[in-house]
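Visitor: What follows is a structure written as structure tokens; I'll ask about it next.
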Amino acid sequence: MGRAETNVTVWACAVALAGGALGCGGGGGHGNGDGGMLGGDGGLAPVWLGVMGTGQSLSVGAASNGLVFTSPSANSLKLSLGARGTSWPINPNDTELSVAPLAEPIRPIDTGSSNPYPNNIYGETFHTAMASELSALHQQAAGADLVTAHSVVGQGAASITVIGKNGTGNAYAASLFEATVLTRLAQEAHARYEVGAVILTHGEADAERPTYMQDIIDLAIDYQQDLTAITGQTRPPPMILSQQHADPVTGRSTSTVAAWLAGAQMPGRIYCAGPKYQYAYASDNIHLLAGQYDRLGIKYAEVFDQVVVQGNQWQPLQPIDTSVDGQTVSVRFAVPYPPLAWDEAFGAPHQFVHAAWKNGRGFEVEDSQGEVTITDVAIDGDTIRIGIDRVPDTSTMPLTVRYAMTQDATQLAGGLVSGRFGQLHDSDPLVGVDAGEIDCNVTNGLLTVSAVTAGAFQGRAAHDMVEDVAGSGLVANTTVTMAGASTVKLSQPWTGASGPARLRFRSNQWNYAVAFELAVAAP
């Protein structure tokens, strides 16, 4: 599967939440490489595995359009601030601080704009879905629950100069505060708190910041040093991040490429979970719908499970080699789950502007003369062959190949084919915890499906995968292309008999190719 396998590790803790009291018992453990086990049978305290979420507005649920995945996530936790929940700073030894079951909203939703912790929550975040997915994955693999403790400290519209160490905001200080309190509360409950990973959902405010990749690396190192000093853990927490695609409106995004390159250059320390152009965005075309935050949380959970829980390496669907031979440019990819395929449901990019790339399915080629016309693209195993209409001219600049980097639109266009968009994906089979069955009314030959119960599609969105529970009325890889509360439109028509049918809806967890820009070496 394109991953370098290492020792498989297991994190586990049995936590009982009853009557507001927290009690920890024995459970499985985490093989930490030195023969010790984090679990009751290893002689060490069970673990609350921390997830430290920071970033800007997408990290705190902006424009989430109502709460969907609100219920407590198994035995997972968050810090309750009690009466101190609207003030800052907060004494970490305050006796009102306690742990509570993880649920959305993380804290009361703030009606202001871009406020700092603890008044930073806009709506539904990805954290509860992420925790539920982590628990489900661990139950499948080890037959035991996985307890995660989630901190959400980001701030809307905040540059990395705001959320970073010594930044002008309090996100970083809030991270250390929550880690300090959770460490103390875990000890009082005869458990241990360790940060499994820092999740960075960020980049829009710094779309054109030239030092952004180094800023990410510095932030990851700062967190690894400061969090381990608080928790006493021996393994520094890696950073897991995702790319942004909405900003800037014109030009190309430095932060988008930097988010990918930081992971490629710091393996084991930083992991890029992938892009977000394939998501269904809110009407502002920069933030996500509630169900899509859940989709993001499930993807973060998949990567977290691989690198933190199982101890594997993770690579997104990313380029690992480029070459040119005459009028063919080749890009070889690391493919998490072969085979590669094209997403045909939402159209192709560059059908409006940059017509030279209209056949590129998101790929863009440029040389000394400017945009090079792409005649065709084809999948060849793990490699994409890009046909171009002339031999490249590299007299004044190297041949450059890009993917999902240039938009046609002149306004924010997140998630639209007129924005930064591509069609290449792998075949990841993950079915997340957001999957659910809905009774529907269907008509042979039509794309439109209605819910038997009004409002039953609340939380479903374009890009969701749809399957016929009976297994006959829909072709494989059918997706939702438009979604309302009571009706949806599908990418493929219903082929069965008209009447009632039970359909299964779930988020699309294919890994889509990262947005990138690379110089192609001359042959």
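Letters for chains follow the order of the structure tokens (A, B, ...), residue numbers begin at 1 for each chain, and ligand numbers begin at 1 in the order shown.
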I want to know what sits within 12 Å of Trp88 (chain A), based on only C-alpha atoms, with residues of the same chain fewer than 4 positions away left out; could you give that as a list in words?
Guide: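 Here the answer would be Leu81, Ala83, Arg84, Pro92, Asn115, Pro116, Tyr117, Pro118, Asn119, Asn120, Gly169, Asn170, Ala171, Ala173, Ala174 and Phe177 of chain A.
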Visitor: Grab the residues selected above and save them as a PDB file, in the first residue's frame with N, CA and C atoms.
Guide:
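Output file part_38.pdb follows:
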ATOM      1  N   LEU A  81     -14.234  23.931  31.054  1.00  0.00           N
ATOM      2  CA  LEU A  81     -13.689  25.094  31.738  1.00  0.00           C
ATOM      3  C   LEU A  81     -14.587  25.607  32.848  1.00  0.00           C
ATOM      4  N   ALA A  83     -17.094  27.672  34.961  1.00  0.00           N
ATOM      5  CA  ALA A  83     -17.456  29.093  34.932  1.00  0.00           C
ATOM      6  C   ALA A  83     -16.358  29.952  34.330  1.00  0.00           C
ATOM      7  N   ARG A  84     -15.174  29.389  34.143  1.00  0.00           N
ATOM      8  CA  ARG A  84     -14.067  30.155  33.567  1.00  0.00           C
ATOM      9  C   ARG A  84     -14.085  30.111  32.046  1.00  0.00           C
ATOM     10  N   PRO A  92      -4.347  27.085  35.623  1.00  0.00           N
ATOM     11  CA  PRO A  92      -4.457  25.640  35.368  1.00  0.00           C
ATOM     12  C   PRO A  92      -4.761  24.822  36.613  1.00  0.00           C
ATOM     13  N   ASN A 115     -12.668  35.379  17.270  1.00  0.00           N
ATOM     14  CA  ASN A 115     -12.249  35.567  18.648  1.00  0.00           C
ATOM     15  C   ASN A 115     -11.276  34.474  19.074  1.00  0.00           C
ATOM     16  N   PRO A 116     -10.384  34.798  20.021  1.00  0.00           N
ATOM     17  CA  PRO A 116      -9.422  33.800  20.472  1.00  0.00           C
ATOM     18  C   PRO A 116     -10.021  32.855  21.518  1.00  0.00           C
ATOM     19  N   TYR A 117      -9.298  31.766  21.799  1.00  0.00           N
ATOM     20  CA  TYR A 117      -9.630  30.828  22.861  1.00  0.00           C
ATOM     21  C   TYR A 117      -9.842  31.606  24.166  1.00  0.00           C
ATOM     22  N   PRO A 118     -10.855  31.229  24.956  1.00  0.00           N
ATOM     23  CA  PRO A 118     -11.760  30.086  24.812  1.00  0.00           C
ATOM     24  C   PRO A 118     -13.070  30.399  24.093  1.00  0.00           C
ATOM     25  N   ASN A 119     -13.182  31.599  23.505  1.00  0.00           N
ATOM     26  CA  ASN A 119     -14.414  32.007  22.819  1.00  0.00           C
ATOM     27  C   ASN A 119     -14.273  31.854  21.306  1.00  0.00           C
ATOM     28  N   ASN A 120     -13.628  30.788  20.880  1.00  0.00           N
ATOM     29  CA  ASN A 120     -13.205  30.639  19.491  1.00  0.00           C
ATOM     30  C   ASN A 120     -14.057  29.691  18.674  1.00  0.00           C
ATOM     31  N   GLY A 169      -1.553  36.036  19.344  1.00  0.00           N
ATOM     32  CA  GLY A 169      -2.763  35.481  19.944  1.00  0.00           C
ATOM     33  C   GLY A 169      -2.432  34.552  21.099  1.00  0.00           C
ATOM     34  N   ASN A 170      -3.444  33.822  21.578  1.00  0.00           N
ATOM     35  CA  ASN A 170      -3.215  32.944  22.723  1.00  0.00           C
ATOM     36  C   ASN A 170      -3.394  31.464  22.390  1.00  0.00           C
ATOM     37  N   ALA A 171      -3.468  31.105  21.088  1.00  0.00           N
ATOM     38  CA  ALA A 171      -3.707  29.713  20.722  1.00  0.00           C
ATOM     39  C   ALA A 171      -2.596  28.801  21.241  1.00  0.00           C
ATOM     40  N   ALA A 173      -0.441  29.416  23.743  1.00  0.00           N
ATOM     41  CA  ALA A 173      -0.500  29.383  25.209  1.00  0.00           C
ATOM     42  C   ALA A 173      -1.668  28.526  25.682  1.00  0.00           C
ATOM     43  N   ALA A 174      -2.790  28.585  24.957  1.00  0.00           N
ATOM     44  CA  ALA A 174      -3.944  27.760  25.324  1.00  0.00           C
ATOM     45  C   ALA A 174      -3.635  26.282  25.147  1.00  0.00           C
ATOM     46  N   PHE A 177      -1.688  25.331  28.148  1.00  0.00           N
ATOM     47  CA  PHE A 177      -2.615  25.340  29.285  1.00  0.00           C
ATOM     48  C   PHE A 177      -3.435  24.057  29.322  1.00  0.00           C
TER      49      PHE A 177
END
Visitor: I want to know what sits within 10 Å of Ala158 (chain A), based on only C-alpha atoms, with residues of the same chain fewer than 6 positions away left out; could you give that as a list of chain:residue names?
Guide: A:Gly55, A:Gln56, A:Ser57, A:Ser114, A:Asn115, A:Pro116, A:Gly164, A:Thr168, A:Gly169, A:Ala171, A:His202, A:Gly203, A:Glu204, A:Ala205, A:Asp206
Visitor: Could you write out that same residue set with N, CA, C and O atoms as a PDB file, in the first residue's frame?
Guide:
ATOM      1  N   GLY A  55      -5.194  26.085  14.378  1.00  0.00           N
ATOM      2  CA  GLY A  55      -5.380  26.557  13.016  1.00  0.00           C
ATOM      3  C   GLY A  55      -6.197  27.820  12.984  1.00  0.00           C
ATOM      4  O   GLY A  55      -6.206  28.607  13.935  1.00  0.00           O
ATOM      5  N   GLN A  56      -6.935  28.004  11.864  1.00  0.00           N
ATOM      6  CA  GLN A  56      -7.815  29.166  11.776  1.00  0.00           C
ATOM      7  C   GLN A  56      -9.246  28.695  11.633  1.00  0.00           C
ATOM      8  O   GLN A  56      -9.622  27.700  12.268  1.00  0.00           O
ATOM      9  N   SER A  57     -10.084  29.363  10.874  1.00  0.00           N
ATOM     10  CA  SER A  57     -11.530  29.170  11.002  1.00  0.00           C
ATOM     11  C   SER A  57     -11.998  27.749  10.708  1.00  0.00           C
ATOM     12  O   SER A  57     -12.964  27.279  11.323  1.00  0.00           O
ATOM     13  N   SER A 114     -13.824  35.768  14.728  1.00  0.00           N
ATOM     14  CA  SER A 114     -12.387  35.524  14.878  1.00  0.00           C
ATOM     15  C   SER A 114     -11.883  35.782  16.288  1.00  0.00           C
ATOM     16  O   SER A 114     -10.793  36.329  16.481  1.00  0.00           O
ATOM     17  N   ASN A 115     -12.668  35.379  17.270  1.00  0.00           N
ATOM     18  CA  ASN A 115     -12.249  35.567  18.648  1.00  0.00           C
ATOM     19  C   ASN A 115     -11.276  34.474  19.074  1.00  0.00           C
ATOM     20  O   ASN A 115     -11.322  33.357  18.585  1.00  0.00           O
ATOM     21  N   PRO A 116     -10.384  34.798  20.021  1.00  0.00           N
ATOM     22  CA  PRO A 116      -9.422  33.800  20.472  1.00  0.00           C
ATOM     23  C   PRO A 116     -10.021  32.855  21.518  1.00  0.00           C
ATOM     24  O   PRO A 116     -11.109  33.099  22.047  1.00  0.00           O
ATOM     25  N   GLY A 164       1.130  30.825  16.481  1.00  0.00           N
ATOM     26  CA  GLY A 164       2.383  30.161  16.791  1.00  0.00           C
ATOM     27  C   GLY A 164       2.958  30.570  18.134  1.00  0.00           C
ATOM     28  O   GLY A 164       2.438  31.464  18.832  1.00  0.00           O
ATOM     29  N   THR A 168       0.938  36.677  18.418  1.00  0.00           N
ATOM     30  CA  THR A 168       0.158  37.761  19.015  1.00  0.00           C
ATOM     31  C   THR A 168      -1.149  37.289  19.622  1.00  0.00           C
ATOM     32  O   THR A 168      -1.810  38.047  20.328  1.00  0.00           O
ATOM     33  N   GLY A 169      -1.553  36.036  19.344  1.00  0.00           N
ATOM     34  CA  GLY A 169      -2.763  35.481  19.944  1.00  0.00           C
ATOM     35  C   GLY A 169      -2.432  34.552  21.099  1.00  0.00           C
ATOM     36  O   GLY A 169      -1.282  34.470  21.545  1.00  0.00           O
ATOM     37  N   ALA A 171      -3.468  31.105  21.088  1.00  0.00           N
ATOM     38  CA  ALA A 171      -3.707  29.713  20.722  1.00  0.00           C
ATOM     39  C   ALA A 171      -2.596  28.801  21.241  1.00  0.00           C
ATOM     40  O   ALA A 171      -2.860  27.716  21.768  1.00  0.00           O
ATOM     41  N   HIS A 202      -5.153  25.000   8.522  1.00  0.00           N
ATOM     42  CA  HIS A 202      -4.697  26.383   8.435  1.00  0.00           C
ATOM     43  C   HIS A 202      -4.218  26.685   7.021  1.00  0.00           C
ATOM     44  O   HIS A 202      -4.194  25.813   6.166  1.00  0.00           O
ATOM     45  N   GLY A 203      -3.858  27.932   6.773  1.00  0.00           N
ATOM     46  CA  GLY A 203      -3.182  28.325   5.549  1.00  0.00           C
ATOM     47  C   GLY A 203      -3.817  29.438   4.756  1.00  0.00           C
ATOM     48  O   GLY A 203      -3.131  30.109   3.978  1.00  0.00           O
ATOM     49  N   GLU A 204      -5.137  29.657   4.921  1.00  0.00           N
ATOM     50  CA  GLU A 204      -5.798  30.677   4.112  1.00  0.00           C
ATOM     51  C   GLU A 204      -5.217  32.065   4.381  1.00  0.00           C
ATOM     52  O   GLU A 204      -4.965  32.837   3.446  1.00  0.00           O
ATOM     53  N   ALA A 205      -5.002  32.412   5.642  1.00  0.00           N
ATOM     54  CA  ALA A 205      -4.496  33.738   5.978  1.00  0.00           C
ATOM     55  C   ALA A 205      -3.066  33.951   5.492  1.00  0.00           C
ATOM     56  O   ALA A 205      -2.626  35.092   5.340  1.00  0.00           O
ATOM     57  N   ASP A 206      -2.356  32.860   5.255  1.00  0.00           N
ATOM     58  CA  ASP A 206      -0.955  32.942   4.857  1.00  0.00           C
ATOM     59  C   ASP A 206      -0.736  32.387   3.457  1.00  0.00           C
ATOM     60  O   ASP A 206       0.345  31.870   3.139  1.00  0.00           O
TER      61      ASP A 206
END
Visitor: For Phe304 (chain A), find every residue with an atom within 9 Å (counting only C-alpha atoms), except residues of its own chain fewer than 6 positions away, and show them as an MDAnalysis selection string.
Guide: chainID A and resid 134 196:197 240 310
Visitor: Would you output that residue set with N, CA and C atoms, as an mmCIF file, in the first residue's frame?
Guide:
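result-v3.cif written:
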data_model
loop_
_atom_site.group_PDB
_atom_site.id
_atom_site.type_symbol
_atom_site.label_atom_id
_atom_site.label_comp_id
_atom_site.auth_asym_id
_atom_site.auth_seq_id
_atom_site.Cartn_x
_atom_site.Cartn_y
_atom_site.Cartn_z
ATOM 1 N N LEU A 134 -11.580 7.098 15.329
ATOM 2 C CA LEU A 134 -10.435 6.470 15.975
ATOM 3 C C LEU A 134 -10.872 5.318 16.867
ATOM 4 N N GLY A 196 -0.951 12.687 21.264
ATOM 5 C CA GLY A 196 -0.663 11.813 20.128
ATOM 6 C C GLY A 196 -0.216 12.581 18.908
ATOM 7 N N ALA A 197 -0.873 13.723 18.628
ATOM 8 C CA ALA A 197 -0.522 14.530 17.455
ATOM 9 C C ALA A 197 -1.115 15.922 17.600
ATOM 10 N N ILE A 240 -0.052 16.670 12.034
ATOM 11 C CA ILE A 240 -0.840 16.237 10.884
ATOM 12 C C ILE A 240 -1.575 17.459 10.357
ATOM 13 N N GLN A 310 -0.784 2.806 14.982
ATOM 14 C CA GLN A 310 -0.154 1.619 14.421
ATOM 15 C C GLN A 310 1.347 1.763 14.219
#
Visitor: Write out as a list in words each polymer residue whose atoms come within 7 Å of region 288-302 of chain A, counting only C-alpha atoms; drop sequence neighbours fewer than 4 positions from it.
Guide: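 Returned residues: Ala63, Ser64, Asn65, Gly66, Leu67, Val68, Glu124, Thr125, Phe126, His127, Ala129, Met130, Glu133, Leu134, Ala273, Tyr279, Ala280, Tyr281, Ala282, Gln306, Gly432, Gly459, Arg460, Ala461, Ser507 and Gln509 of chain A.
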Visitor: Would you put the residues from that selection into a file with N, CA and C atoms, as a JSON list (two decimals), in the first residue's frame?
Guide:
[["chain", "number", "residue", "atom", "x", "y", "z"],
["A", 63, "ALA", "N", -18.91, 28.36, 9.59],
["A", 63, "ALA", "CA", -19.94, 28.14, 8.56],
["A", 63, "ALA", "C", -20.43, 26.71, 8.50],
["A", 64, "SER", "N", -20.42, 26.01, 9.64],
["A", 64, "SER", "CA", -20.75, 24.58, 9.62],
["A", 64, "SER", "C", -22.24, 24.29, 9.43],
["A", 65, "ASN", "N", -23.07, 25.33, 9.38],
["A", 65, "ASN", "CA", -24.45, 25.17, 8.92],
["A", 65, "ASN", "C", -25.24, 24.18, 9.78],
["A", 66, "GLY", "N", -25.10, 24.31, 11.09],
["A", 66, "GLY", "CA", -25.85, 23.45, 11.99],
["A", 66, "GLY", "C", -25.04, 22.28, 12.48],
["A", 67, "LEU", "N", -25.43, 21.71, 13.60],
["A", 67, "LEU", "CA", -24.71, 20.60, 14.20],
["A", 67, "LEU", "C", -25.27, 19.28, 13.70],
["A", 68, "VAL", "N", -24.39, 18.38, 13.29],
["A", 68, "VAL", "CA", -24.79, 17.08, 12.76],
["A", 68, "VAL", "C", -24.28, 15.96, 13.65],
["A", 124, "GLU", "N", -19.77, 23.24, 14.52],
["A", 124, "GLU", "CA", -19.30, 21.86, 14.63],
["A", 124, "GLU", "C", -17.89, 21.72, 14.07],
["A", 125, "THR", "N", -16.98, 21.22, 14.88],
["A", 125, "THR", "CA", -15.62, 20.96, 14.43],
["A", 125, "THR", "C", -15.50, 19.52, 13.95],
["A", 126, "PHE", "N", -14.33, 19.15, 13.50],
["A", 126, "PHE", "CA", -14.08, 17.78, 13.05],
["A", 126, "PHE", "C", -13.77, 16.83, 14.21],
["A", 127, "HIS", "N", -13.62, 17.33, 15.43],
["A", 127, "HIS", "CA", -13.03, 16.53, 16.49],
["A", 127, "HIS", "C", -13.88, 15.35, 16.95],
["A", 129, "ALA", "N", -16.21, 13.62, 15.31],
["A", 129, "ALA", "CA", -16.19, 12.58, 14.29],
["A", 129, "ALA", "C", -14.82, 11.91, 14.25],
["A", 130, "MET", "N", -13.77, 12.68, 14.41],
["A", 130, "MET", "CA", -12.42, 12.10, 14.42],
["A", 130, "MET", "C", -12.27, 11.12, 15.58],
["A", 133, "GLU", "N", -14.25, 7.93, 14.93],
["A", 133, "GLU", "CA", -13.59, 7.09, 13.93],
["A", 133, "GLU", "C", -12.37, 6.39, 14.53],
["A", 134, "LEU", "N", -11.58, 7.10, 15.33],
["A", 134, "LEU", "CA", -10.44, 6.47, 15.98],
["A", 134, "LEU", "C", -10.87, 5.32, 16.87],
["A", 273, "ALA", "N", -2.14, 15.11, 5.43],
["A", 273, "ALA", "CA", -3.24, 14.17, 5.25],
["A", 273, "ALA", "C", -3.83, 14.26, 3.86],
["A", 279, "TYR", "N", -13.83, 18.57, -1.24],
["A", 279, "TYR", "CA", -14.91, 18.65, -0.25],
["A", 279, "TYR", "C", -16.05, 19.53, -0.75],
["A", 280, "ALA", "N", -17.22, 19.37, -0.13],
["A", 280, "ALA", "CA", -18.35, 20.25, -0.41],
["A", 280, "ALA", "C", -18.27, 21.45, 0.54],
["A", 281, "TYR", "N", -18.18, 22.63, -0.03],
["A", 281, "TYR", "CA", -17.98, 23.85, 0.76],
["A", 281, "TYR", "C", -19.30, 24.54, 1.05],
["A", 282, "ALA", "N", -19.28, 25.37, 2.08],
["A", 282, "ALA", "CA", -20.43, 26.22, 2.39],
["A", 282, "ALA", "C", -20.58, 27.28, 1.30],
["A", 306, "GLN", "N", -2.89, 5.46, 11.50],
["A", 306, "GLN", "CA", -1.73, 4.87, 10.84],
["A", 306, "GLN", "C", -0.42, 5.26, 11.54],
["A", 432, "GLY", "N", -16.45, 5.40, 6.89],
["A", 432, "GLY", "CA", -16.35, 6.09, 8.16],
["A", 432, "GLY", "C", -17.58, 5.96, 9.03],
["A", 459, "GLY", "N", -27.22, 17.02, 6.84],
["A", 459, "GLY", "CA", -25.88, 16.53, 7.12],
["A", 459, "GLY", "C", -25.23, 15.83, 5.95],
["A", 460, "ARG", "N", -26.00, 15.37, 4.98],
["A", 460, "ARG", "CA", -25.43, 14.80, 3.76],
["A", 460, "ARG", "C", -25.06, 15.95, 2.83],
["A", 461, "ALA", "N", -24.13, 15.71, 1.91],
["A", 461, "ALA", "CA", -23.65, 16.79, 1.06],
["A", 461, "ALA", "C", -23.16, 16.23, -0.26],
["A", 507, "SER", "N", -19.43, 9.49, 3.75],
["A", 507, "SER", "CA", -18.48, 10.43, 3.18],
["A", 507, "SER", "C", -17.50, 9.71, 2.26],
["A", 509, "GLN", "N", -14.03, 8.87, 1.25],
["A", 509, "GLN", "CA", -12.71, 8.87, 1.88],
["A", 509, "GLN", "C", -11.59, 8.45, 0.94]]
Visitor: Could you pull the residues within 9 Å of Ser472 (chain A), counting only C-alpha atoms, minus those fewer than 5 positions along the same chain, as a VMD selection string?
Guide: chain A and resid 467 495 to 496
Visitor: List the spatial neighbours of region 231-236 of chain A as an mmCIF file with N, CA, C and O atoms, in the first residue's frame - criterion: any atom at most 10 Å away, only C-alpha atoms, same-chain residues fewer than 5 positions off excluded.
Guide:
data_model
loop_
_atom_site.group_PDB
_atom_site.id
_atom_site.type_symbol
_atom_site.label_atom_id
_atom_site.label_comp_id
_atom_site.auth_asym_id
_atom_site.auth_seq_id
_atom_site.Cartn_x
_atom_site.Cartn_y
_atom_site.Cartn_z
ATOM 1 N N ASN A 32 5.905 0.978 23.120
ATOM 2 C CA ASN A 32 6.652 2.205 22.873
ATOM 3 C C ASN A 32 8.068 1.965 22.371
ATOM 4 O O ASN A 32 8.874 2.882 22.345
ATOM 5 N N GLY A 33 8.368 0.743 21.985
ATOM 6 C CA GLY A 33 9.662 0.480 21.374
ATOM 7 C C GLY A 33 10.746 0.116 22.366
ATOM 8 O O GLY A 33 11.828 -0.309 21.975
ATOM 9 N N LEU A 176 -0.702 24.825 25.622
ATOM 10 C CA LEU A 176 0.099 24.418 26.775
ATOM 11 C C LEU A 176 -0.757 24.392 28.039
ATOM 12 O O LEU A 176 -0.559 23.524 28.906
ATOM 13 N N ALA A 179 -2.844 21.195 27.886
ATOM 14 C CA ALA A 179 -1.974 20.047 28.135
ATOM 15 C C ALA A 179 -1.604 19.955 29.609
ATOM 16 O O ALA A 179 -1.558 18.856 30.192
ATOM 17 N N THR A 180 -1.347 21.092 30.239
ATOM 18 C CA THR A 180 -0.999 21.103 31.661
ATOM 19 C C THR A 180 -2.163 20.612 32.514
ATOM 20 O O THR A 180 -1.991 19.781 33.415
ATOM 21 N N LEU A 182 -4.854 18.806 31.564
ATOM 22 C CA LEU A 182 -5.191 17.407 31.281
ATOM 23 C C LEU A 182 -4.156 16.455 31.871
ATOM 24 O O LEU A 182 -4.497 15.347 32.304
ATOM 25 N N THR A 183 -2.895 16.874 31.905
ATOM 26 C CA THR A 183 -1.877 16.061 32.570
ATOM 27 C C THR A 183 -2.204 15.903 34.050
ATOM 28 O O THR A 183 -2.133 14.791 34.607
ATOM 29 N N ARG A 184 -2.574 17.004 34.703
ATOM 30 C CA ARG A 184 -2.932 16.950 36.130
ATOM 31 C C ARG A 184 -4.182 16.123 36.374
ATOM 32 O O ARG A 184 -4.202 15.257 37.275
ATOM 33 N N ARG A 192 -2.607 8.538 32.502
ATOM 34 C CA ARG A 192 -1.579 9.382 31.906
ATOM 35 C C ARG A 192 -2.137 10.084 30.691
ATOM 36 O O ARG A 192 -2.878 9.494 29.908
ATOM 37 N N TYR A 193 -1.770 11.352 30.550
ATOM 38 C CA TYR A 193 -2.134 12.117 29.357
ATOM 39 C C TYR A 193 -0.887 12.289 28.499
ATOM 40 O O TYR A 193 0.169 12.699 28.987
ATOM 41 N N GLU A 194 -0.991 11.918 27.234
ATOM 42 C CA GLU A 194 0.076 12.144 26.271
ATOM 43 C C GLU A 194 -0.544 12.704 24.991
ATOM 44 O O GLU A 194 -1.640 12.295 24.605
ATOM 45 N N VAL A 195 0.135 13.610 24.335
ATOM 46 C CA VAL A 195 -0.363 14.170 23.076
ATOM 47 C C VAL A 195 0.051 13.247 21.942
ATOM 48 O O VAL A 195 1.238 13.038 21.692
ATOM 49 N N GLY A 196 -0.951 12.687 21.264
ATOM 50 C CA GLY A 196 -0.663 11.813 20.128
ATOM 51 C C GLY A 196 -0.216 12.581 18.908
ATOM 52 O O GLY A 196 0.716 12.178 18.207
ATOM 53 N N ALA A 197 -0.873 13.723 18.628
ATOM 54 C CA ALA A 197 -0.522 14.530 17.455
ATOM 55 C C ALA A 197 -1.115 15.922 17.600
ATOM 56 O O ALA A 197 -2.112 16.127 18.298
ATOM 57 N N ALA A 220 5.829 22.910 14.425
ATOM 58 C CA ALA A 220 5.839 21.494 14.786
ATOM 59 C C ALA A 220 6.920 21.202 15.818
ATOM 60 O O ALA A 220 6.686 20.492 16.813
ATOM 61 N N ILE A 221 8.106 21.753 15.617
ATOM 62 C CA ILE A 221 9.212 21.522 16.550
ATOM 63 C C ILE A 221 8.924 22.162 17.898
ATOM 64 O O ILE A 221 9.180 21.566 18.965
ATOM 65 N N TYR A 223 6.008 22.697 19.263
ATOM 66 C CA TYR A 223 5.024 21.871 19.951
ATOM 67 C C TYR A 223 5.670 20.594 20.490
ATOM 68 O O TYR A 223 5.396 20.167 21.619
ATOM 69 N N GLN A 224 6.503 19.970 19.695
ATOM 70 C CA GLN A 224 7.112 18.718 20.132
ATOM 71 C C GLN A 224 7.972 18.931 21.377
ATOM 72 O O GLN A 224 7.944 18.117 22.308
ATOM 73 N N GLN A 225 8.692 20.032 21.438
ATOM 74 C CA GLN A 225 9.535 20.312 22.599
ATOM 75 C C GLN A 225 8.703 20.696 23.822
ATOM 76 O O GLN A 225 8.920 20.177 24.926
ATOM 77 N N ASP A 226 7.747 21.589 23.636
ATOM 78 C CA ASP A 226 7.017 22.124 24.783
ATOM 79 C C ASP A 226 5.981 21.158 25.331
ATOM 80 O O ASP A 226 5.774 21.091 26.553
ATOM 81 N N ARG A 269 7.821 13.493 11.316
ATOM 82 C CA ARG A 269 7.573 14.656 12.177
ATOM 83 C C ARG A 269 6.324 15.413 11.738
ATOM 84 O O ARG A 269 5.579 15.932 12.567
ATOM 85 N N VAL A 308 0.179 7.215 14.500
ATOM 86 C CA VAL A 308 0.287 7.273 15.952
ATOM 87 C C VAL A 308 -0.076 5.943 16.591
ATOM 88 O O VAL A 308 0.650 5.429 17.439
#
Visitor: Compile the contact shell of Thr373 (chain A) as a ChimeraX atom specification: residues with an atom at most 8 Å away, counting only C-alpha atoms, same-chain residues fewer than 3 positions apart removed.
Guide: /A:355-357,365,388-389
Visitor: Out of A:Val442, A:Ala515, A:Ala413, A:Ala345, which residue has the shortest atom-to-atom distance to Ala259 (chain A) when counting only C-alpha atoms?
Guide: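 The answer is A:Ala515, which sits nearest to Ala259 (chain A).
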Visitor: Using only C-alpha atoms, find the one residue out of A:Thr410, A:Gln187, A:Ser135, A:Gln265 that sits nearest to Asp247 (chain A).
Guide: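 Comparing A:Thr410, A:Gln187, A:Ser135, A:Gln265 against Asp247 (chain A), the winner is A:Thr410.
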Visitor: Smallest atom-to-atom distance to Asn166 (chain A): which of A:Leu49, A:Leu219, A:Ala409, A:Met239, using only C-alpha atoms?
Guide: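 Among A:Leu49, A:Leu219, A:Ala409, A:Met239, it is A:Leu219 that comes nearest to Asn166 (chain A).
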Visitor: Determine which residues of region 331-371 of chain A DSSP labels as strand (DSSP E or B) from the backbone of this structure, then write them out as a PyMOL selection string.
Guide: chain A and resi 331-334+341-342+363-367+370-371
Visitor: Quick one: of A:Ala348, A:Val324, A:Leu446, A:Val307, who's nearest to Phe421 (chain A), counting only C-alpha atoms?
Guide: A:Ala348
Visitor: From the list A:Ile286, A:Leu474, A:Val153, A:Leu102, which residue is nearest Gly419 (chain A) when using only C-alpha atoms?
Guide: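 The answer is A:Ile286, which sits nearest to Gly419 (chain A).
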Visitor: Would you mind reading off the distance between CA of Asp343 (chain A) and CA of Gly370 (chain A), one decimal, in Å?
Guide: 27.7 Å
Visitor: As a PyMOL selection string, which residues of region 66-140 of chain A does DSSP assign to alpha helix (DSSP H)?
Guide: chain A and resi 127-140
Visitor: Rank A:Ser395, A:Ser113, A:Thr256, A:Ser330 by their smallest atom-to-atom distance to Asp380 (chain A), using only C-alpha atoms, and report the top residue only.
Guide: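 For Asp380 (chain A), the nearest of the candidates is A:Ser330.
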Visitor: If you measure from CA of Ser159 (chain A) to CA of Gly123 (chain A), what distance in Å do you get, rounded to one decimal?
Guide: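 These two atoms are separated by 20.3 Å.
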